[in-house]
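This is coords_29.cif (mmCIF, C-alpha atoms, pLDDT in the B column; chains and numbers go by the auth columns).
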```cif
data_my_file
#
loop_
_atom_site.group_PDB
_atom_site.id
_atom_site.type_symbol
_atom_site.label_atom_id
_atom_site.label_comp_id
_atom_site.label_asym_id
_atom_site.label_seq_id
_atom_site.Cartn_x
_atom_site.Cartn_y
_atom_site.Cartn_z
_atom_site.B_iso_or_equiv
_atom_site.auth_seq_id
_atom_site.auth_asym_id
ATOM 1 C CA MET A 1 0.000 0.000 0.000 75.00 137 A
ATOM 2 C CA GLU A 2 2.737 2.274 0.819 79.00 138 A
ATOM 3 C CA ASN A 3 4.103 1.554 -2.556 81.00 139 A
ATOM 4 C CA LYS A 4 0.892 2.540 -4.110 83.00 140 A
ATOM 5 C CA ILE A 5 0.799 5.754 -2.177 83.00 141 A
ATOM 6 C CA LEU A 6 4.387 6.409 -3.107 83.00 142 A
ATOM 7 C CA ASP A 7 3.591 5.654 -6.733 84.00 143 A
ATOM 8 C CA LEU A 8 0.638 7.936 -6.551 82.00 144 A
ATOM 9 C CA LEU A 9 2.699 10.645 -4.910 84.00 145 A
ATOM 10 C CA GLU A 10 5.367 10.215 -7.490 88.00 146 A
ATOM 11 C CA LYS A 11 2.791 10.417 -10.276 88.00 147 A
ATOM 12 C CA MET A 12 1.315 13.471 -8.651 88.00 148 A
ATOM 13 C CA ASN A 13 4.749 14.967 -8.343 89.00 149 A
ATOM 14 C CA ASP A 14 5.394 14.239 -12.052 89.00 150 A
ATOM 15 C CA ARG A 15 2.098 15.781 -12.917 90.00 151 A
ATOM 16 C CA GLN A 16 2.852 18.787 -10.788 90.00 152 A
ATOM 17 C CA GLU A 17 6.229 19.171 -12.516 90.00 153 A
ATOM 18 C CA ARG A 18 4.566 18.897 -15.926 90.00 154 A
ATOM 19 C CA MET A 19 1.968 21.394 -14.795 91.00 155 A
ATOM 20 C CA GLU A 20 4.684 23.758 -13.637 90.00 156 A
ATOM 21 C CA GLU A 21 6.455 23.331 -16.968 92.00 157 A
ATOM 22 C CA LYS A 22 3.199 24.051 -18.747 91.00 158 A
ATOM 23 C CA LEU A 23 2.650 27.089 -16.515 91.00 159 A
ATOM 24 C CA GLU A 24 6.164 28.233 -17.259 92.00 160 A
ATOM 25 C CA ARG A 25 5.561 27.804 -21.005 92.00 161 A
ATOM 26 C CA MET A 26 2.286 29.614 -20.615 92.00 162 A
ATOM 27 C CA ASP A 27 4.085 32.421 -18.771 90.00 163 A
ATOM 28 C CA ASP A 28 6.587 32.573 -21.619 90.00 164 A
ATOM 29 C CA ARG A 29 3.753 32.633 -24.138 91.00 165 A
ATOM 30 C CA GLN A 30 1.966 35.315 -22.150 91.00 166 A
ATOM 31 C CA HIS A 31 5.176 37.340 -22.031 92.00 167 A
ATOM 32 C CA ASN A 32 5.613 36.892 -25.815 91.00 168 A
ATOM 33 C CA MET A 33 1.996 37.903 -26.333 90.00 169 A
ATOM 34 C CA GLU A 34 2.484 40.996 -24.187 89.00 170 A
ATOM 35 C CA GLU A 35 5.586 41.925 -26.218 90.00 171 A
ATOM 36 C CA ARG A 36 3.659 41.354 -29.433 89.00 172 A
ATOM 37 C CA PHE A 37 0.792 43.430 -28.077 88.00 173 A
ATOM 38 C CA ALA A 38 3.200 46.256 -27.218 87.00 174 A
ATOM 39 C CA GLY A 39 4.642 46.012 -30.771 86.00 175 A
ATOM 40 C CA MET A 40 1.142 46.047 -32.188 90.00 176 A
ATOM 41 C CA GLU A 41 0.310 49.150 -30.148 90.00 177 A
ATOM 42 C CA ASP A 42 3.384 50.871 -31.634 88.00 178 A
ATOM 43 C CA LYS A 43 2.325 49.799 -35.110 90.00 179 A
ATOM 44 C CA LEU A 44 -1.219 51.019 -34.472 91.00 180 A
ATOM 45 C CA GLU A 45 0.168 54.371 -33.364 92.00 181 A
ATOM 46 C CA GLN A 46 2.257 54.533 -36.548 92.00 182 A
ATOM 47 C CA ILE A 47 -0.814 53.639 -38.575 92.00 183 A
ATOM 48 C CA ASP A 48 -2.767 56.384 -36.793 92.00 184 A
ATOM 49 C CA ASN A 49 0.014 58.866 -37.614 93.00 185 A
ATOM 50 C CA ARG A 50 0.027 57.730 -41.245 93.00 186 A
ATOM 51 C CA GLN A 51 -3.733 58.012 -41.382 94.00 187 A
ATOM 52 C CA HIS A 52 -3.541 61.557 -40.007 95.00 188 A
ATOM 53 C CA ASN A 53 -0.867 62.444 -42.601 94.00 189 A
ATOM 54 C CA MET A 54 -2.991 60.912 -45.333 95.00 190 A
ATOM 55 C CA GLU A 55 -6.002 62.931 -44.184 95.00 191 A
ATOM 56 C CA ASP A 56 -3.889 66.097 -44.348 95.00 192 A
ATOM 57 C CA GLN A 57 -2.708 65.154 -47.828 95.00 193 A
ATOM 58 C CA LEU A 58 -6.278 64.423 -48.897 95.00 194 A
ATOM 59 C CA GLY A 59 -7.257 67.869 -47.629 95.00 195 A
ATOM 60 C CA ARG A 60 -4.507 69.441 -49.731 96.00 196 A
ATOM 61 C CA ILE A 61 -5.526 67.306 -52.716 95.00 197 A
ATOM 62 C CA ASP A 62 -9.129 68.435 -52.287 95.00 198 A
ATOM 63 C CA GLU A 63 -7.951 72.054 -52.210 96.00 199 A
ATOM 64 C CA ARG A 64 -5.867 71.521 -55.362 96.00 200 A
ATOM 65 C CA GLN A 65 -8.794 69.831 -57.054 96.00 201 A
ATOM 66 C CA HIS A 66 -11.022 72.781 -56.172 96.00 202 A
ATOM 67 C CA ASN A 67 -8.420 75.189 -57.589 96.00 203 A
ATOM 68 C CA MET A 68 -8.150 73.091 -60.740 96.00 204 A
ATOM 69 C CA GLU A 69 -11.927 73.077 -61.123 96.00 205 A
ATOM 70 C CA ASP A 70 -11.910 76.887 -60.822 96.00 206 A
ATOM 71 C CA GLN A 71 -9.173 77.106 -63.446 96.00 207 A
ATOM 72 C CA LEU A 72 -11.067 74.721 -65.728 96.00 208 A
ATOM 73 C CA GLY A 73 -14.140 76.912 -65.323 96.00 209 A
ATOM 74 C CA ARG A 74 -12.139 79.964 -66.363 96.00 210 A
ATOM 75 C CA ILE A 75 -10.634 78.036 -69.281 95.00 211 A
ATOM 76 C CA ASP A 76 -14.114 76.933 -70.378 95.00 212 A
ATOM 77 C CA GLU A 77 -15.278 80.544 -70.220 95.00 213 A
ATOM 78 C CA ARG A 78 -12.286 81.714 -72.286 95.00 214 A
ATOM 79 C CA GLN A 79 -12.895 78.937 -74.794 95.00 215 A
ATOM 80 C CA HIS A 80 -16.533 79.978 -75.079 95.00 216 A
ATOM 81 C CA ASN A 81 -15.472 83.606 -75.652 94.00 217 A
ATOM 82 C CA MET A 82 -12.966 82.498 -78.276 94.00 218 A
ATOM 83 C CA GLU A 83 -15.608 80.407 -80.034 94.00 219 A
ATOM 84 C CA ASN A 84 -17.882 83.462 -80.098 94.00 220 A
ATOM 85 C CA GLN A 85 -15.079 85.586 -81.518 94.00 221 A
ATOM 86 C CA LEU A 86 -14.299 82.917 -84.128 93.00 222 A
ATOM 87 C CA GLY A 87 -17.973 82.907 -85.084 93.00 223 A
ATOM 88 C CA GLN A 88 -17.864 86.686 -85.520 94.00 224 A
ATOM 89 C CA ILE A 89 -14.678 86.405 -87.572 92.00 225 A
ATOM 90 C CA ASP A 90 -16.301 83.750 -89.785 91.00 226 A
ATOM 91 C CA GLU A 91 -19.306 86.013 -90.280 94.00 227 A
ATOM 92 C CA ARG A 92 -17.070 88.958 -91.172 91.00 228 A
ATOM 93 C CA GLN A 93 -15.105 86.771 -93.563 92.00 229 A
ATOM 94 C CA HIS A 94 -18.308 85.692 -95.312 93.00 230 A
ATOM 95 C CA ASN A 95 -19.382 89.356 -95.545 91.00 231 A
ATOM 96 C CA MET A 96 -15.989 90.266 -97.008 91.00 232 A
ATOM 97 C CA GLU A 97 -16.231 87.419 -99.518 91.00 233 A
ATOM 98 C CA ASP A 98 -19.691 88.641 -100.550 91.00 234 A
ATOM 99 C CA LYS A 99 -18.385 92.191 -100.933 90.00 235 A
ATOM 100 C CA LEU A 100 -15.370 90.966 -102.917 88.00 236 A
ATOM 101 C CA ASP A 101 -17.708 89.020 -105.183 90.00 237 A
ATOM 102 C CA GLN A 102 -19.732 92.203 -105.739 91.00 238 A
ATOM 103 C CA VAL A 103 -16.555 94.185 -106.495 89.00 239 A
ATOM 104 C CA PHE A 104 -15.389 91.465 -108.871 86.00 240 A
ATOM 105 C CA ASP A 105 -18.729 91.519 -110.694 88.00 241 A
ATOM 106 C CA THR A 106 -18.569 95.327 -110.914 86.00 242 A
ATOM 107 C CA VAL A 107 -15.002 95.194 -112.237 82.00 243 A
ATOM 108 C CA LYS A 108 -16.067 92.652 -114.855 83.00 244 A
ATOM 109 C CA ARG A 109 -18.909 94.921 -115.966 81.00 245 A
ATOM 110 C CA ILE A 110 -16.618 97.944 -116.067 78.00 246 A
ATOM 111 C CA GLU A 111 -14.001 95.967 -117.948 75.00 247 A
ATOM 112 C CA ALA A 112 -16.534 94.780 -120.489 75.00 248 A
ATOM 113 C CA SER A 113 -17.914 98.270 -121.050 75.00 249 A
ATOM 114 C CA GLN A 114 -14.484 99.918 -121.087 77.00 250 A
ATOM 115 C CA LYS A 115 -13.122 97.447 -123.616 76.00 251 A
ATOM 116 C CA ASP A 116 -15.374 98.957 -126.263 77.00 252 A
ATOM 117 C CA ASP A 117 -14.485 102.471 -125.078 77.00 253 A
ATOM 118 C CA VAL A 118 -10.769 101.703 -125.146 76.00 254 A
ATOM 119 C CA LEU A 119 -11.007 100.242 -128.648 78.00 255 A
ATOM 120 C CA SER A 120 -12.863 103.340 -129.814 83.00 256 A
ATOM 121 C CA LEU A 121 -10.263 105.612 -128.252 81.00 257 A
ATOM 122 C CA LEU A 122 -7.421 103.631 -129.803 83.00 258 A
ATOM 123 C CA LYS A 123 -9.060 103.820 -133.224 88.00 259 A
ATOM 124 C CA LEU A 124 -9.535 107.561 -132.836 87.00 260 A
ATOM 125 C CA GLN A 125 -5.934 108.031 -131.751 88.00 261 A
ATOM 126 C CA LYS A 126 -4.746 105.919 -134.678 87.00 262 A
ATOM 127 C CA LYS A 127 -6.738 108.103 -137.041 90.00 263 A
ATOM 128 C CA ASN A 128 -5.271 111.239 -135.466 87.00 264 A
ATOM 129 C CA LEU A 129 -1.754 109.798 -135.644 87.00 265 A
ATOM 130 C CA ASP A 130 -2.243 108.766 -139.253 86.00 266 A
ATOM 131 C CA ASN A 131 -3.371 112.308 -140.054 87.00 267 A
ATOM 132 C CA GLU A 132 -0.402 113.791 -138.226 86.00 268 A
ATOM 133 C CA VAL A 133 2.008 111.400 -139.916 85.00 269 A
ATOM 134 C CA ASP A 134 0.533 112.289 -143.306 87.00 270 A
ATOM 135 C CA TYR A 135 0.838 115.979 -142.487 87.00 271 A
ATOM 136 C CA ILE A 136 4.462 115.602 -141.353 87.00 272 A
ATOM 137 C CA ASN A 137 5.287 113.475 -144.429 86.00 273 A
ATOM 138 C CA ASN A 138 3.771 116.088 -146.691 87.00 274 A
ATOM 139 C CA ARG A 139 5.741 118.854 -144.991 86.00 275 A
ATOM 140 C CA LEU A 140 8.942 116.829 -145.163 85.00 276 A
ATOM 141 C CA THR A 141 8.373 116.108 -148.785 88.00 277 A
ATOM 142 C CA LYS A 142 7.809 119.799 -149.493 88.00 278 A
ATOM 143 C CA MET A 143 10.918 120.655 -147.505 88.00 279 A
ATOM 144 C CA ASP A 144 12.938 118.056 -149.375 86.00 280 A
ATOM 145 C CA LYS A 145 11.750 119.541 -152.671 89.00 281 A
ATOM 146 C CA ARG A 146 12.704 123.012 -151.586 88.00 282 A
ATOM 147 C CA ILE A 147 16.087 121.868 -150.399 88.00 283 A
ATOM 148 C CA PHE A 148 16.604 119.999 -153.602 88.00 284 A
ATOM 149 C CA ASN A 149 15.628 123.063 -155.651 89.00 285 A
ATOM 150 C CA LEU A 150 17.870 125.261 -153.553 86.00 286 A
ATOM 151 C CA GLU A 151 20.767 122.870 -153.986 86.00 287 A
ATOM 152 C CA LYS A 152 20.270 122.884 -157.724 87.00 288 A
ATOM 153 C CA ARG A 153 20.256 126.657 -157.787 86.00 289 A
ATOM 154 C CA VAL A 154 23.398 126.794 -155.785 84.00 290 A
ATOM 155 C CA GLU A 155 25.085 124.388 -158.144 83.00 291 A
ATOM 156 C CA ASN A 156 24.173 126.339 -161.236 71.00 292 A
#
```

Write the structure described by the file as C-alpha coordinates, please.
Amino acid sequence: MENKILDLLEKMNDRQERMEEKLERMDDRQHNMEERFAGMEDKLEQIDNRQHNMEDQLGRIDERQHNMEDQLGRIDERQHNMENQLGQIDERQHNMEDKLDQVFDTVKRIEASQKDDVLSLLKLQKKNLDNEVDYINNRLTKMDKRIFNLEKRVEN
(Lines of atoms letter the chains of each structure in order from A and count residues from 1; the text may use other names and numbers.)
(Lines give C-alpha, C1' and ligand atoms only; values in the text may rest on other atoms or scores of the structure.)
Protein backbone atom coordinates (compact mmCIF):
# COMPACT_ATOMS: atom_id res chain seq x y z
CA MET A 1 0.00 0.00 0.00
CA GLU A 2 2.74 2.27 0.82
CA ASN A 3 4.10 1.55 -2.56
CA LYS A 4 0.89 2.54 -4.11
CA ILE A 5 0.80 5.75 -2.18
CA LEU A 6 4.39 6.41 -3.11
CA ASP A 7 3.59 5.65 -6.73
CA LEU A 8 0.64 7.94 -6.55
CA LEU A 9 2.70 10.64 -4.91
CA GLU A 10 5.37 10.21 -7.49
CA LYS A 11 2.79 10.42 -10.28
CA MET A 12 1.31 13.47 -8.65
CA ASN A 13 4.75 14.97 -8.34
CA ASP A 14 5.39 14.24 -12.05
CA ARG A 15 2.10 15.78 -12.92
CA GLN A 16 2.85 18.79 -10.79
CA GLU A 17 6.23 19.17 -12.52
CA ARG A 18 4.57 18.90 -15.93
CA MET A 19 1.97 21.39 -14.80
CA GLU A 20 4.68 23.76 -13.64
CA GLU A 21 6.46 23.33 -16.97
CA LYS A 22 3.20 24.05 -18.75
CA LEU A 23 2.65 27.09 -16.52
CA GLU A 24 6.16 28.23 -17.26
CA ARG A 25 5.56 27.80 -21.01
CA MET A 26 2.29 29.61 -20.61
CA ASP A 27 4.09 32.42 -18.77
CA ASP A 28 6.59 32.57 -21.62
CA ARG A 29 3.75 32.63 -24.14
CA GLN A 30 1.97 35.31 -22.15
CA HIS A 31 5.18 37.34 -22.03
CA ASN A 32 5.61 36.89 -25.81
CA MET A 33 2.00 37.90 -26.33
CA GLU A 34 2.48 41.00 -24.19
CA GLU A 35 5.59 41.92 -26.22
CA ARG A 36 3.66 41.35 -29.43
CA PHE A 37 0.79 43.43 -28.08
CA ALA A 38 3.20 46.26 -27.22
CA GLY A 39 4.64 46.01 -30.77
CA MET A 40 1.14 46.05 -32.19
CA GLU A 41 0.31 49.15 -30.15
CA ASP A 42 3.38 50.87 -31.63
CA LYS A 43 2.32 49.80 -35.11
CA LEU A 44 -1.22 51.02 -34.47
CA GLU A 45 0.17 54.37 -33.36
CA GLN A 46 2.26 54.53 -36.55
CA ILE A 47 -0.81 53.64 -38.57
CA ASP A 48 -2.77 56.38 -36.79
CA ASN A 49 0.01 58.87 -37.61
CA ARG A 50 0.03 57.73 -41.24
CA GLN A 51 -3.73 58.01 -41.38
CA HIS A 52 -3.54 61.56 -40.01
CA ASN A 53 -0.87 62.44 -42.60
CA MET A 54 -2.99 60.91 -45.33
CA GLU A 55 -6.00 62.93 -44.18
CA ASP A 56 -3.89 66.10 -44.35
CA GLN A 57 -2.71 65.15 -47.83
CA LEU A 58 -6.28 64.42 -48.90
CA GLY A 59 -7.26 67.87 -47.63
CA ARG A 60 -4.51 69.44 -49.73
CA ILE A 61 -5.53 67.31 -52.72
CA ASP A 62 -9.13 68.43 -52.29
CA GLU A 63 -7.95 72.05 -52.21
CA ARG A 64 -5.87 71.52 -55.36
CA GLN A 65 -8.79 69.83 -57.05
CA HIS A 66 -11.02 72.78 -56.17
CA ASN A 67 -8.42 75.19 -57.59
CA MET A 68 -8.15 73.09 -60.74
CA GLU A 69 -11.93 73.08 -61.12
CA ASP A 70 -11.91 76.89 -60.82
CA GLN A 71 -9.17 77.11 -63.45
CA LEU A 72 -11.07 74.72 -65.73
CA GLY A 73 -14.14 76.91 -65.32
CA ARG A 74 -12.14 79.96 -66.36
CA ILE A 75 -10.63 78.04 -69.28
CA ASP A 76 -14.11 76.93 -70.38
CA GLU A 77 -15.28 80.54 -70.22
CA ARG A 78 -12.29 81.71 -72.29
CA GLN A 79 -12.90 78.94 -74.79
CA HIS A 80 -16.53 79.98 -75.08
CA ASN A 81 -15.47 83.61 -75.65
CA MET A 82 -12.97 82.50 -78.28
CA GLU A 83 -15.61 80.41 -80.03
CA ASN A 84 -17.88 83.46 -80.10
CA GLN A 85 -15.08 85.59 -81.52
CA LEU A 86 -14.30 82.92 -84.13
CA GLY A 87 -17.97 82.91 -85.08
CA GLN A 88 -17.86 86.69 -85.52
CA ILE A 89 -14.68 86.40 -87.57
CA ASP A 90 -16.30 83.75 -89.78
CA GLU A 91 -19.31 86.01 -90.28
CA ARG A 92 -17.07 88.96 -91.17
CA GLN A 93 -15.11 86.77 -93.56
CA HIS A 94 -18.31 85.69 -95.31
CA ASN A 95 -19.38 89.36 -95.54
CA MET A 96 -15.99 90.27 -97.01
CA GLU A 97 -16.23 87.42 -99.52
CA ASP A 98 -19.69 88.64 -100.55
CA LYS A 99 -18.38 92.19 -100.93
CA LEU A 100 -15.37 90.97 -102.92
CA ASP A 101 -17.71 89.02 -105.18
CA GLN A 102 -19.73 92.20 -105.74
CA VAL A 103 -16.56 94.18 -106.50
CA PHE A 104 -15.39 91.46 -108.87
CA ASP A 105 -18.73 91.52 -110.69
CA THR A 106 -18.57 95.33 -110.91
CA VAL A 107 -15.00 95.19 -112.24
CA LYS A 108 -16.07 92.65 -114.86
CA ARG A 109 -18.91 94.92 -115.97
CA ILE A 110 -16.62 97.94 -116.07
CA GLU A 111 -14.00 95.97 -117.95
CA ALA A 112 -16.53 94.78 -120.49
CA SER A 113 -17.91 98.27 -121.05
CA GLN A 114 -14.48 99.92 -121.09
CA LYS A 115 -13.12 97.45 -123.62
CA ASP A 116 -15.37 98.96 -126.26
CA ASP A 117 -14.48 102.47 -125.08
CA VAL A 118 -10.77 101.70 -125.15
CA LEU A 119 -11.01 100.24 -128.65
CA SER A 120 -12.86 103.34 -129.81
CA LEU A 121 -10.26 105.61 -128.25
CA LEU A 122 -7.42 103.63 -129.80
CA LYS A 123 -9.06 103.82 -133.22
CA LEU A 124 -9.53 107.56 -132.84
CA GLN A 125 -5.93 108.03 -131.75
CA LYS A 126 -4.75 105.92 -134.68
CA LYS A 127 -6.74 108.10 -137.04
CA ASN A 128 -5.27 111.24 -135.47
CA LEU A 129 -1.75 109.80 -135.64
CA ASP A 130 -2.24 108.77 -139.25
CA ASN A 131 -3.37 112.31 -140.05
CA GLU A 132 -0.40 113.79 -138.23
CA VAL A 133 2.01 111.40 -139.92
CA ASP A 134 0.53 112.29 -143.31
CA TYR A 135 0.84 115.98 -142.49
CA ILE A 136 4.46 115.60 -141.35
CA ASN A 137 5.29 113.48 -144.43
CA ASN A 138 3.77 116.09 -146.69
CA ARG A 139 5.74 118.85 -144.99
CA LEU A 140 8.94 116.83 -145.16
CA THR A 141 8.37 116.11 -148.79
CA LYS A 142 7.81 119.80 -149.49
CA MET A 143 10.92 120.66 -147.51
CA ASP A 144 12.94 118.06 -149.38
CA LYS A 145 11.75 119.54 -152.67
CA ARG A 146 12.70 123.01 -151.59
CA ILE A 147 16.09 121.87 -150.40
CA PHE A 148 16.60 120.00 -153.60
CA ASN A 149 15.63 123.06 -155.65
CA LEU A 150 17.87 125.26 -153.55
CA GLU A 151 20.77 122.87 -153.99
CA LYS A 152 20.27 122.88 -157.72
CA ARG A 153 20.26 126.66 -157.79
CA VAL A 154 23.40 126.79 -155.78
CA GLU A 155 25.08 124.39 -158.14
CA ASN A 156 24.17 126.34 -161.24

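Here CA of Lys179 (chain A) is placed at a distance of 23.9 Å from CA of Asp163 (chain A).
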
Determine the axis-aligned bounding box of all atoms of region 188-202 of chain A present in the file, pad each side by 3 Å, and express its centre and edge lengths in Å to one decimal place as lines of an AutoDock Vina configuration file.
```
center_x = -5.9
center_y = 66.8
center_z = -48.5
size_x = 16.2
size_y = 17.9
size_z = 23.0
```

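One finds CA of Asn168 (chain A) at 19.8 Å from CA of Glu181 (chain A).
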